[in-house]
Number of protein chains: 4
Amino acid sequence: MKKVAIIGATGYTGSELVRILTFHDQVQIELITSETYQGKKFSDIHPQFKGICDVELKSADDAGDYQPDLVFLALPHGVAMEYVKNWKDKPFKIIDLSGDFRLRSPKSYYTWYNIEHSYPEGFDDAVFGLPELYRERIARSRLVANPGCFPTGAILGAYPLLREHLIQPDRIFIDSKTGVTGAGVKPKAVTHFPNVNDNFKAYGIENHRHTIEIQEILSSSSGKQSTVQFTPHLLPVDRGILTSIYSIPAGTISNEEVKELYHRYYDREPFIRIRNVPPEIKQVRGTNYTDIAAFFDERTGNMLVFTAIDNLVKGAAGQAVQNMNLMLGFDEKEALEFIPIMP
Amino acid sequence: MKKVAIIGATGYTGSELVRILTFHDQVQIELITSETYQGKKFSDIHPQFKGICDVELKSADDAGDYQPDLVFLALPHGVAMEYVKNWKDKPFKIIDLSGDFRLRSPKSYYTWYNIEHSYPEGFDDAVFGLPELYRERIARSRLVANPGCFPTGAILGAYPLLREHLIQPDRIFIDSKTGVTGAGVKPKAVTHFPNVNDNFKAYGIENHRHTIEIQEILSSSSGKQSTVQFTPHLLPVDRGILTSIYSIPAGTISNEEVKELYHRYYDREPFIRIRNVPPEIKQVRGTNYTDIAAFFDERTGNMLVFTAIDNLVKGAAGQAVQNMNLMLGFDEKEALEFIPIMP
Amino acid sequence: MKKVAIIGATGYTGSELVRILTFHDQVQIELITSETYQGKKFSDIHPQFKGICDVELKSADDAGDYQPDLVFLALPHGVAMEYVKNWKDKPFKIIDLSGDFRLRSPKSYYTWYNIEHSYPEGFDDAVFGLPELYRERIARSRLVANPGCFPTGAILGAYPLLREHLIQPDRIFIDSKTGVTGAGVKPKAVTHFPNVNDNFKAYGIENHRHTIEIQEILSSSSGKQSTVQFTPHLLPVDRGILTSIYSIPAGTISNEEVKELYHRYYDREPFIRIRNVPPEIKQVRGTNYTDIAAFFDERTGNMLVFTAIDNLVKGAAGQAVQNMNLMLGFDEKEALEFIPIMP
Amino acid sequence: MKKVAIIGATGYTGSELVRILTFHDQVQIELITSETYQGKKFSDIHPQFKGICDVELKSADDAGDYQPDLVFLALPHGVAMEYVKNWKDKPFKIIDLSGDFRLRSPKSYYTWYNIEHSYPEGFDDAVFGLPELYRERIARSRLVANPGCFPTGAILGAYPLLREHLIQPDRIFIDSKTGVTGAGVKPKAVTHFPNVNDNFKAYGIENHRHTIEIQEILSSSSGKQSTVQFTPHLLPVDRGILTSIYSIPAGTISNEEVKELYHRYYDREPFIRIRNVPPEIKQVRGTNYTDIAAFFDERTGNMLVFTAIDNLVKGAAGQAVQNMNLMLGFDEKEALEFIPIMP
């Protein structure tokens, strides 16, 4: 039985980690922390857990005492880096769910996050935690940068085409639509119910931080510098990201070949399902699945790829547990075989 | 390993039964039937199950061949009774999720359902499948009439007060609000998105069929003839029933005593959680929990009880599995320890 | 052409006042104020008004300079009373949309609002602005206390029965369900989209401030001391309140007589529509209508009344304009003949 | 006072036409027809109109008797063409809200609608009813083909760039998201509340009929053959279409120039509002506005345009009334100066 700690209990990522890890047979949650609510019960903050997880919240300062094998950082960016820095000599492994170690360099981080990084050395160790691309490296790593929610769906959708150099890398249009939980647990005008309900809009155009994360990983994994036009939109739903990816073939290709490509890349992946029709976010809700459908439109000569994930699961906590399973040597699917809540 | 069959795969009850039973270690789904879609895969009808449950749908006529230990009837009322009748000499147990055997008599059934019952003898065998009231009888029964969704929340809320004769039995006001899945899988004007979204209304006032089910069970379980005013309302949500129950004390009582009463009745129940604040439907979503909060309002002298359930789980498929666990001798909680999907 | 001022532009009440008054042929909005945003344009705060109302926001201190005929106070309770006090000798009339002058006495105000009232003299002048009950007095008044949203629907529903002494005044159960705009424009945990969407709950049970407002007006208008059990619930919709009222007849009565009563009381009211089936909130959305349906249930011997309003229109800004029309001598319907936005 | 008839009262287009025309001072609705519901009142089918429009529905066969000046056809495609054919010698003008005369040729119609057109001669007369492009021709025409909902937002968004040859015409990616009313009033699986709520998906990819309508109008109005990749998605909202348009500049251009272009094209249009930030569908709800924001992204070298409309107003009935105003010589804005219902 391995021991884990969750640092930062109050957000959606924290509560999803507890929800998922509760079903894990080989891992025990030793510690859940919250600086704001220490002394309170976890179920005081997340009442749905009453009778399920009523443990007392502690301070992160106590983490060392619990001798965890692995620690999840469910903290805001800018904060997480401090913990990674302070704990750099600790014996436990770390999965950081913030954006602090996802980019390729401190310079890139500064450009897009507008924060001077306090632990640039961490970039050398950090592995981008997308198992479908970096399974081996994740298994060996000490520090995993868990991918952002948008990047997870976007990268998995575009990767096969780019990796095989089948599309032009400089004109990739990624139009994403996310549920509101992506904006976090803290009430803001943008998440105020009357501002979201029966509404829909684009936001963060041109400069959303996930743009660079998508672009860097697609570039480095395909070996070709890519330019990504990324536009997030806000859906009046809780969970789920649907990503529609438009691109231009680099040569001649048929719809058949496109479909065959995606099956070849992903049929053995435990959490990817290739669909013949465009996927729906509700069909992956509460699960670690990425549903993908890819098309070549002969009339227009364009490539279309659609992906659906649950932003809190495959886009955050579920992928983190998938990474943990790899890092601690468990079956990759352990605790993650949820069935979508539909409807 | 016990074998079960699900008769009627296309509705929400059918798909929830599959979702839940997939997690059951001691039961195997041998057969799923649909007369309309036989030959198709279960995941063709419920695409969220792709890769999870892709079995072929059969005809209910084949049920006998599979020698199930227990059969779930997930069929409309009026249809289910025919199966119960035809299978009355079969060796397997039956859990009927329709309304066909929930009432106290064929006469009552005729009055409220306006159908002549084709198998009145079934009423003698049928046990009302609410474990919190009838656990022992369910365990011994061959035919369980799984409770309606509204009655589950309403009865569990009012039962302790009535059983202890603490409220006047002839003035019980039950104001329920349900999600749309309660209306079934078939598109109708009443479930057309633009008619539901951003809308709210009462319906079926005075004559909803669940009225008599609530009233009969409360009367027989408390030993006092009750009269129930039941008003369902339609919420723009998928799942969940919140029931607000108003009643008048039969004598003097304090808020303390009311709270103590509910703890005494329900603290040992695995699927009831007593709350200090009014419950929320989202905090039981996807689970078999009934969350209950009861209050005596000293200013008005009235009694207030609120209950929250997931209409497809505790209000249908989850309760059916709970009943199955009792009937087949398993741990009552087996396969039912879900954590609410929140948010 | 009469001149009006709107004090407090940033809330929903403020923006609805502008939306409605824009259609008024005999009134001109001279001034819109906001202490927080003075200097900004109204359409900066409410972007839907771009090109429609782009006037500059001023400070309320400037109100006197504009010599308005009537001033709307769209301010929080506790703040509004200060304006009424300071402006007590001004020549303009005031419609206060807060709760500061709705109750019968400063003492009652203190009990339920927990604030010492700074202008108790105002209670002598203030008329409760429900035209269907107090049309004449409103027309003559200088200070109108515009009713709360819940009280509007609740009082209009119960009034005919109580006024005619047809129900027991001490057991009135009022189960209300409101849209989220009732909680105001400021983001809070309770209005955070993921906490509301696909959710439903009761709140403020036993002590919501509208309880006393309903109870006092029903008591004074019927001449019999009433006791009201009022329970608000939060709907995942923007606008609308559905109120379900349960009561017990004081003598024998028929369903026919009940229906006739409501027609007699309300058929000549321009903004009340008597329905034969339970009303729906979407069918009054964006309008000043109150839709009402009343039933006597012969089986149970109980009385059922349902009312639907738009909380921001008949429950706030629309009713305020209706009051203004009475106070300034215009046609009561002027600027208020909206057609419901459905769907 | 001119007289109009609405042929086809039961759909959303029909009820929106009545809602809008009620506010028109110079037009009277002489006749509303429904073959299915003739003899019933309009408010029986659309209960929100109780007390507002209670006229009796007639048969379309009676239309001639009423000597209307203009007739709105609010009928399905394939049906509308028969009326246009039969009424080709009638003295009244026709606005057809179906897709029957929107395309450039009967051949194109056959290819995309898979129906042999029964009145190909109509294509010679029909003018595409988008006032911002064809104002003069609409004013002179006898038969107006009212644009589809998606094409309205898509064409208005892309037109200035294409007309000025500023983008490559063969790689235009139009990613649209629509509310459910776009699917019509008839309940279907795709509009069943539990299938839409908390869900999101693309549909009709590659072959939605609005694709060819967009492409043909953009090609003919710009004078350059365009190829359009059009992908509709289904939002869990009632009304509104947000369209995100991605394209590739034909030469060098700056963000400044793009913004200046849209102001130049549209600042004098009464129903177009140029926004500096991406538009939101709720800010045009219930109105005839098209909100547009255009950007050139210097980092990627791509062009981004976003448009928001209400699919039932500017996308259908509102635009039809705008066309009627032009055809009958009224002020183009008459009856259309609604203020968005927000929230």
# chains A, B, ... in the order shown; residues from 1 in each chain; ligands from 1

call {"tool": "residues_around", "arguments": {"residues": "segment 245-256 of chain C", "least_positions_apart": "2", "cutoff": "6 Å", "atoms": "only C-alpha atoms", "output": "PyMOL selection string"}}
result
chain C and resi 166-168+172-174+258-259+295-296+302-305

call {"tool": "write_last_selection", "arguments": {"atoms": "N, CA and C atoms", "output": "PDB file, in the first residue's frame"}}
result
ATOM      1  N   LEU C 166     -61.683  32.495   3.364  1.00  0.00           N
ATOM      2  CA  LEU C 166     -62.030  31.151   2.888  1.00  0.00           C
ATOM      3  C   LEU C 166     -61.021  30.097   3.312  1.00  0.00           C
ATOM      4  N   ILE C 167     -59.894  30.540   3.864  1.00  0.00           N
ATOM      5  CA  ILE C 167     -58.902  29.562   4.335  1.00  0.00           C
ATOM      6  C   ILE C 167     -58.473  29.886   5.762  1.00  0.00           C
ATOM      7  N   GLN C 168     -57.946  28.885   6.427  1.00  0.00           N
ATOM      8  CA  GLN C 168     -57.436  29.076   7.780  1.00  0.00           C
ATOM      9  C   GLN C 168     -56.176  29.933   7.704  1.00  0.00           C
ATOM     10  N   ILE C 172     -50.581  28.434   6.383  1.00  0.00           N
ATOM     11  CA  ILE C 172     -50.395  28.727   4.973  1.00  0.00           C
ATOM     12  C   ILE C 172     -48.968  28.354   4.602  1.00  0.00           C
ATOM     13  N   PHE C 173     -48.864  27.433   3.665  1.00  0.00           N
ATOM     14  CA  PHE C 173     -47.548  26.927   3.275  1.00  0.00           C
ATOM     15  C   PHE C 173     -47.196  27.489   1.896  1.00  0.00           C
ATOM     16  N   ILE C 174     -46.139  28.258   1.864  1.00  0.00           N
ATOM     17  CA  ILE C 174     -45.744  28.931   0.625  1.00  0.00           C
ATOM     18  C   ILE C 174     -44.379  28.420   0.198  1.00  0.00           C
ATOM     19  N   VAL C 258     -63.804  28.531  -6.302  1.00  0.00           N
ATOM     20  CA  VAL C 258     -62.446  29.060  -6.220  1.00  0.00           C
ATOM     21  C   VAL C 258     -62.071  29.753  -7.533  1.00  0.00           C
ATOM     22  N   LYS C 259     -62.344  29.065  -8.608  1.00  0.00           N
ATOM     23  CA  LYS C 259     -61.987  29.656  -9.900  1.00  0.00           C
ATOM     24  C   LYS C 259     -62.762  30.958 -10.133  1.00  0.00           C
ATOM     25  N   PHE C 295     -56.841  25.999  -7.397  1.00  0.00           N
ATOM     26  CA  PHE C 295     -57.585  24.740  -7.402  1.00  0.00           C
ATOM     27  C   PHE C 295     -58.015  24.368  -5.989  1.00  0.00           C
ATOM     28  N   PHE C 296     -59.202  23.789  -5.888  1.00  0.00           N
ATOM     29  CA  PHE C 296     -59.580  23.104  -4.654  1.00  0.00           C
ATOM     30  C   PHE C 296     -59.568  21.614  -4.975  1.00  0.00           C
ATOM     31  N   ASN C 302     -57.835  20.189   0.274  1.00  0.00           N
ATOM     32  CA  ASN C 302     -56.866  21.277   0.379  1.00  0.00           C
ATOM     33  C   ASN C 302     -57.013  22.268  -0.772  1.00  0.00           C
ATOM     34  N   MET C 303     -56.494  23.459  -0.520  1.00  0.00           N
ATOM     35  CA  MET C 303     -56.498  24.517  -1.526  1.00  0.00           C
ATOM     36  C   MET C 303     -55.096  24.631  -2.113  1.00  0.00           C
ATOM     37  N   LEU C 304     -55.013  24.792  -3.423  1.00  0.00           N
ATOM     38  CA  LEU C 304     -53.733  24.912  -4.123  1.00  0.00           C
ATOM     39  C   LEU C 304     -53.765  26.155  -5.012  1.00  0.00           C
ATOM     40  N   VAL C 305     -52.775  26.997  -4.854  1.00  0.00           N
ATOM     41  CA  VAL C 305     -52.657  28.151  -5.741  1.00  0.00           C
ATOM     42  C   VAL C 305     -51.225  28.218  -6.258  1.00  0.00           C
TER      43      VAL C 305
END

call {"tool": "residues_around", "arguments": {"residues": "Val127 of chain D", "least_positions_apart": "4", "cutoff": "8 Å", "atoms": "only C-alpha atoms", "output": "PyMOL selection string"}}
result
chain D and resi 102+134+137-138+141+143-145

call {"tool": "write_last_selection", "arguments": {"atoms": "N, CA and C atoms", "output": "tab-separated table (two decimals), in the first residue's frame"}}
result
chain	number	residue	atom	x	y	z
D	102	ARG	N	-33.27	30.10	-51.39
D	102	ARG	CA	-32.06	30.79	-50.96
D	102	ARG	C	-30.85	30.51	-51.84
D	134	TYR	N	-28.00	43.41	-49.65
D	134	TYR	CA	-28.90	43.53	-50.81
D	134	TYR	C	-30.07	44.47	-50.56
D	137	ARG	N	-32.13	45.79	-53.70
D	137	ARG	CA	-32.86	44.76	-54.42
D	137	ARG	C	-34.02	44.22	-53.61
D	138	ILE	N	-33.83	44.12	-52.31
D	138	ILE	CA	-34.93	43.66	-51.45
D	138	ILE	C	-36.11	44.63	-51.56
D	141	SER	N	-38.12	43.95	-54.57
D	141	SER	CA	-38.47	42.57	-54.94
D	141	SER	C	-39.88	42.19	-54.53
D	143	LEU	N	-40.41	38.66	-54.16
D	143	LEU	CA	-40.17	37.41	-53.44
D	143	LEU	C	-38.81	37.47	-52.77
D	144	VAL	N	-38.84	37.45	-51.45
D	144	VAL	CA	-37.59	37.46	-50.70
D	144	VAL	C	-37.36	36.11	-50.05
D	145	ALA	N	-36.17	35.56	-50.28
D	145	ALA	CA	-35.76	34.33	-49.59
D	145	ALA	C	-35.03	34.75	-48.33

call {"tool": "interface_residues", "arguments": {"of": "chain C", "to": "chain B", "cutoff": "6 Å", "atoms": "only C-alpha atoms", "output": "PDB file with N, CA, C and O atoms, in the first residue's frame"}}
result
ATOM      1  N   PRO C 194     -21.187  26.452 -11.207  1.00  0.00           N
ATOM      2  CA  PRO C 194     -21.181  25.018 -10.897  1.00  0.00           C
ATOM      3  C   PRO C 194     -21.939  24.659  -9.615  1.00  0.00           C
ATOM      4  O   PRO C 194     -22.253  23.496  -9.398  1.00  0.00           O
ATOM      5  N   ASP C 198     -27.710  22.317 -12.724  1.00  0.00           N
ATOM      6  CA  ASP C 198     -28.060  20.922 -12.434  1.00  0.00           C
ATOM      7  C   ASP C 198     -28.238  20.681 -10.936  1.00  0.00           C
ATOM      8  O   ASP C 198     -28.112  19.547 -10.476  1.00  0.00           O
ATOM      9  N   ASN C 199     -28.515  21.738 -10.211  1.00  0.00           N
ATOM     10  CA  ASN C 199     -28.701  21.616  -8.773  1.00  0.00           C
ATOM     11  C   ASN C 199     -30.034  22.250  -8.376  1.00  0.00           C
ATOM     12  O   ASN C 199     -30.678  22.946  -9.167  1.00  0.00           O
ATOM     13  N   PHE C 200     -30.442  22.020  -7.149  1.00  0.00           N
ATOM     14  CA  PHE C 200     -31.668  22.596  -6.609  1.00  0.00           C
ATOM     15  C   PHE C 200     -31.668  22.365  -5.113  1.00  0.00           C
ATOM     16  O   PHE C 200     -31.293  21.301  -4.644  1.00  0.00           O
ATOM     17  N   LYS C 201     -32.102  23.376  -4.372  1.00  0.00           N
ATOM     18  CA  LYS C 201     -32.119  23.263  -2.917  1.00  0.00           C
ATOM     19  C   LYS C 201     -33.031  24.327  -2.318  1.00  0.00           C
ATOM     20  O   LYS C 201     -33.335  25.330  -2.962  1.00  0.00           O
ATOM     21  N   ALA C 202     -33.445  24.105  -1.092  1.00  0.00           N
ATOM     22  CA  ALA C 202     -34.112  25.144  -0.306  1.00  0.00           C
ATOM     23  C   ALA C 202     -33.045  25.956   0.418  1.00  0.00           C
ATOM     24  O   ALA C 202     -31.924  25.489   0.627  1.00  0.00           O
ATOM     25  N   VAL C 237     -32.154  28.716 -13.145  1.00  0.00           N
ATOM     26  CA  VAL C 237     -32.638  29.571 -14.234  1.00  0.00           C
ATOM     27  C   VAL C 237     -32.282  31.010 -13.876  1.00  0.00           C
ATOM     28  O   VAL C 237     -31.995  31.326 -12.721  1.00  0.00           O
ATOM     29  N   PRO C 278     -51.565  24.878 -14.325  1.00  0.00           N
ATOM     30  CA  PRO C 278     -50.509  25.542 -13.555  1.00  0.00           C
ATOM     31  C   PRO C 278     -49.613  26.401 -14.450  1.00  0.00           C
ATOM     32  O   PRO C 278     -49.239  25.973 -15.548  1.00  0.00           O
ATOM     33  N   GLU C 280     -46.339  28.657 -15.927  1.00  0.00           N
ATOM     34  CA  GLU C 280     -44.921  28.383 -16.152  1.00  0.00           C
ATOM     35  C   GLU C 280     -44.158  29.701 -16.127  1.00  0.00           C
ATOM     36  O   GLU C 280     -44.616  30.698 -16.670  1.00  0.00           O
ATOM     37  N   ILE C 281     -42.989  29.683 -15.514  1.00  0.00           N
ATOM     38  CA  ILE C 281     -42.260  30.952 -15.393  1.00  0.00           C
ATOM     39  C   ILE C 281     -41.832  31.510 -16.748  1.00  0.00           C
ATOM     40  O   ILE C 281     -41.748  32.707 -16.932  1.00  0.00           O
ATOM     41  N   LYS C 282     -41.581  30.627 -17.708  1.00  0.00           N
ATOM     42  CA  LYS C 282     -41.095  31.122 -19.001  1.00  0.00           C
ATOM     43  C   LYS C 282     -42.190  31.878 -19.752  1.00  0.00           C
ATOM     44  O   LYS C 282     -41.887  32.665 -20.645  1.00  0.00           O
ATOM     45  N   PRO C 343     -39.563  30.626 -26.834  1.00  0.00           N
ATOM     46  CA  PRO C 343     -38.574  30.227 -25.839  1.00  0.00           C
ATOM     47  C   PRO C 343     -37.370  31.150 -25.941  1.00  0.00           C
ATOM     48  O   PRO C 343     -36.396  30.963 -25.351  1.00  0.00           O
TER      49      PRO C 343
END

call {"tool": "select_by_dssp", "arguments": {"residues": "segment 197-300 of chain C", "states": "strand (DSSP E or B)", "output": "PDB file with C-alpha atoms, in the first residue's frame"}}
result
ATOM      1  CA  LYS C 201     -32.119  23.263  -2.917  1.00  0.00           C
ATOM      2  CA  ALA C 202     -34.112  25.144  -0.306  1.00  0.00           C
ATOM      3  CA  VAL C 228     -47.012  32.006   6.864  1.00  0.00           C
ATOM      4  CA  GLN C 229     -44.570  29.157   6.365  1.00  0.00           C
ATOM      5  CA  PHE C 230     -42.346  30.453   3.594  1.00  0.00           C
ATOM      6  CA  THR C 231     -39.627  28.376   1.949  1.00  0.00           C
ATOM      7  CA  PRO C 232     -37.577  29.741  -0.932  1.00  0.00           C
ATOM      8  CA  HIS C 233     -35.695  27.392  -3.254  1.00  0.00           C
ATOM      9  CA  LEU C 234     -33.028  28.194  -5.835  1.00  0.00           C
ATOM     10  CA  ILE C 241     -40.459  32.791  -9.466  1.00  0.00           C
ATOM     11  CA  LEU C 242     -42.966  30.002  -9.238  1.00  0.00           C
ATOM     12  CA  THR C 243     -44.866  29.966  -5.976  1.00  0.00           C
ATOM     13  CA  SER C 244     -46.930  26.988  -4.838  1.00  0.00           C
ATOM     14  CA  ILE C 245     -49.324  27.852  -2.021  1.00  0.00           C
ATOM     15  CA  TYR C 246     -51.044  25.195   0.065  1.00  0.00           C
ATOM     16  CA  SER C 247     -53.793  26.005   2.536  1.00  0.00           C
ATOM     17  CA  PRO C 249     -60.328  25.789   3.666  1.00  0.00           C
ATOM     18  CA  ILE C 272     -52.819  39.293 -14.018  1.00  0.00           C
ATOM     19  CA  ARG C 273     -53.773  36.343 -16.173  1.00  0.00           C
ATOM     20  CA  ILE C 274     -55.889  33.553 -14.679  1.00  0.00           C
ATOM     21  CA  GLU C 280     -44.921  28.383 -16.152  1.00  0.00           C
ATOM     22  CA  THR C 290     -48.533  37.453 -12.886  1.00  0.00           C
ATOM     23  CA  ASP C 291     -50.020  34.176 -14.104  1.00  0.00           C
ATOM     24  CA  ILE C 292     -52.229  32.480 -11.508  1.00  0.00           C
ATOM     25  CA  ALA C 293     -54.037  29.154 -11.285  1.00  0.00           C
ATOM     26  CA  ALA C 294     -56.094  28.114  -8.248  1.00  0.00           C
ATOM     27  CA  PHE C 295     -57.585  24.740  -7.402  1.00  0.00           C
ATOM     28  CA  PHE C 296     -59.580  23.104  -4.654  1.00  0.00           C
ATOM     29  CA  ASP C 297     -58.670  19.435  -4.461  1.00  0.00           C
TER      30      ASP C 297
END

call {"tool": "residues_around", "arguments": {"residues": "segment 106-115 of chain B", "least_positions_apart": "4", "cutoff": "12 Å", "atoms": "only C-alpha atoms", "output": "list in words"}}
result
His77, Gly78, Val79, Met81, Ser98, Gly99, Asp100, Phe101, Arg102, Tyr119, Pro120, Glu121, Gly122, Phe123, Asp124, Glu206, Asn207, His208, Arg209, His210, Thr211, Ile212, Glu213, Gln215 and Glu216 of chain B

call {"tool": "residues_around", "arguments": {"residues": "segment 44-51 of chain D", "least_positions_apart": "6", "cutoff": "7 Å", "atoms": "only C-alpha atoms", "output": "list in words"}}
result
Gln283, Val284 and Pro340 of chain C; Thr10 of chain D

call {"tool": "residues_around", "arguments": {"residues": "Gly64 of chain B", "least_positions_apart": "2", "cutoff": "12 Å", "atoms": "only C-alpha atoms", "output": "VMD selection string"}}
result
chain B and resid 3 to 5 7 30 to 31 58 to 62 66 to 71 83 86 to 87 89 to 92

call {"tool": "closest_residue", "arguments": {"among": "C:Tyr37, C:Glu136, C:Gly14, C:Phe72", "to": "Gly329 of chain C", "atoms": "only C-alpha atoms"}}
result
C:Glu136

call {"tool": "residues_around", "arguments": {"residues": "Arg163 of chain A", "least_positions_apart": "2", "cutoff": "7 Å", "atoms": "only C-alpha atoms", "output": "ChimeraX atom specification"}}
result
/A:159-161,165,221-222

call {"tool": "residues_around", "arguments": {"residues": "Val18 of chain D", "least_positions_apart": "5", "cutoff": "9 Å", "atoms": "only C-alpha atoms", "output": "count of residues only"}}
result
8

call {"tool": "closest_residue", "arguments": {"among": "D:Lys186, D:Lys2, D:Arg264, D:His192", "to": "Asp25 of chain D", "atoms": "only C-alpha atoms"}}
result
D:Lys2

call {"tool": "atom_distance", "arguments": {"atom1": "atom CA of Leu328 of chain D", "atom2": "atom CA of Arg19 of chain D"}}
result
19.2 Å

call {"tool": "closest_residue", "arguments": {"among": "B:Ser34, B:Ser43, B:Asn276, B:Asn311", "to": "Ala183 of chain B", "atoms": "only C-alpha atoms"}}
result
B:Asn311

call {"tool": "decode", "arguments": {"residues": "segment 111-160 of chain B", "atoms": "C-alpha atoms", "output": "PDB file, in the first residue's frame"}}
result
ATOM      1  CA  THR B 111     -58.468   3.816 -10.169  1.00  0.00           C
ATOM      2  CA  TRP B 112     -55.139   5.552 -10.620  1.00  0.00           C
ATOM      3  CA  TYR B 113     -53.687   3.895 -13.717  1.00  0.00           C
ATOM      4  CA  ASN B 114     -56.966   3.410 -15.569  1.00  0.00           C
ATOM      5  CA  ILE B 115     -55.889  -0.072 -16.652  1.00  0.00           C
ATOM      6  CA  GLU B 116     -57.512  -3.365 -15.744  1.00  0.00           C
ATOM      7  CA  HIS B 117     -54.715  -5.345 -14.120  1.00  0.00           C
ATOM      8  CA  SER B 118     -54.031  -8.609 -15.946  1.00  0.00           C
ATOM      9  CA  TYR B 119     -52.345 -10.368 -13.046  1.00  0.00           C
ATOM     10  CA  PRO B 120     -54.072  -9.380  -9.803  1.00  0.00           C
ATOM     11  CA  GLU B 121     -52.655 -12.448  -8.038  1.00  0.00           C
ATOM     12  CA  GLY B 122     -49.245 -10.800  -8.210  1.00  0.00           C
ATOM     13  CA  PHE B 123     -50.248  -8.296  -5.546  1.00  0.00           C
ATOM     14  CA  ASP B 124     -50.173 -11.066  -2.945  1.00  0.00           C
ATOM     15  CA  ASP B 125     -46.533 -11.835  -3.601  1.00  0.00           C
ATOM     16  CA  ALA B 126     -45.197  -8.395  -4.332  1.00  0.00           C
ATOM     17  CA  VAL B 127     -43.151  -6.631  -1.672  1.00  0.00           C
ATOM     18  CA  PHE B 128     -42.658  -2.872  -1.865  1.00  0.00           C
ATOM     19  CA  GLY B 129     -38.937  -2.563  -2.391  1.00  0.00           C
ATOM     20  CA  LEU B 130     -37.992   0.166   0.049  1.00  0.00           C
ATOM     21  CA  PRO B 131     -35.245  -1.469   2.142  1.00  0.00           C
ATOM     22  CA  GLU B 132     -35.375   1.104   4.922  1.00  0.00           C
ATOM     23  CA  LEU B 133     -38.968   0.032   5.659  1.00  0.00           C
ATOM     24  CA  TYR B 134     -39.184  -3.546   4.423  1.00  0.00           C
ATOM     25  CA  ARG B 135     -35.679  -4.967   4.518  1.00  0.00           C
ATOM     26  CA  GLU B 136     -36.623  -8.359   5.961  1.00  0.00           C
ATOM     27  CA  ARG B 137     -39.543  -8.962   3.660  1.00  0.00           C
ATOM     28  CA  ILE B 138     -37.549  -7.946   0.610  1.00  0.00           C
ATOM     29  CA  ALA B 139     -34.826 -10.434   1.509  1.00  0.00           C
ATOM     30  CA  ARG B 140     -37.375 -13.252   1.510  1.00  0.00           C
ATOM     31  CA  SER B 141     -39.456 -12.173  -1.458  1.00  0.00           C
ATOM     32  CA  ARG B 142     -39.644 -13.525  -4.992  1.00  0.00           C
ATOM     33  CA  LEU B 143     -41.234 -10.427  -6.507  1.00  0.00           C
ATOM     34  CA  VAL B 144     -40.195  -6.944  -5.550  1.00  0.00           C
ATOM     35  CA  ALA B 145     -42.083  -3.884  -6.727  1.00  0.00           C
ATOM     36  CA  ASN B 146     -39.340  -1.295  -6.922  1.00  0.00           C
ATOM     37  CA  PRO B 147     -40.682   2.043  -5.609  1.00  0.00           C
ATOM     38  CA  GLY B 148     -41.389   5.031  -7.780  1.00  0.00           C
ATOM     39  CA  CYS B 149     -38.898   7.867  -7.760  1.00  0.00           C
ATOM     40  CA  PHE B 150     -41.117  10.457  -6.044  1.00  0.00           C
ATOM     41  CA  PRO B 151     -42.410   7.953  -3.446  1.00  0.00           C
ATOM     42  CA  THR B 152     -38.862   7.017  -2.442  1.00  0.00           C
ATOM     43  CA  GLY B 153     -37.964  10.539  -1.372  1.00  0.00           C
ATOM     44  CA  ALA B 154     -41.404  11.371  -0.010  1.00  0.00           C
ATOM     45  CA  ILE B 155     -41.892   8.240   2.066  1.00  0.00           C
ATOM     46  CA  LEU B 156     -38.405   8.263   3.570  1.00  0.00           C
ATOM     47  CA  GLY B 157     -38.940  11.886   4.532  1.00  0.00           C
ATOM     48  CA  ALA B 158     -42.337  11.538   6.199  1.00  0.00           C
ATOM     49  CA  TYR B 159     -42.079   8.038   7.607  1.00  0.00           C
ATOM     50  CA  PRO B 160     -40.451   8.683  11.019  1.00  0.00           C
TER      51      PRO B 160
END
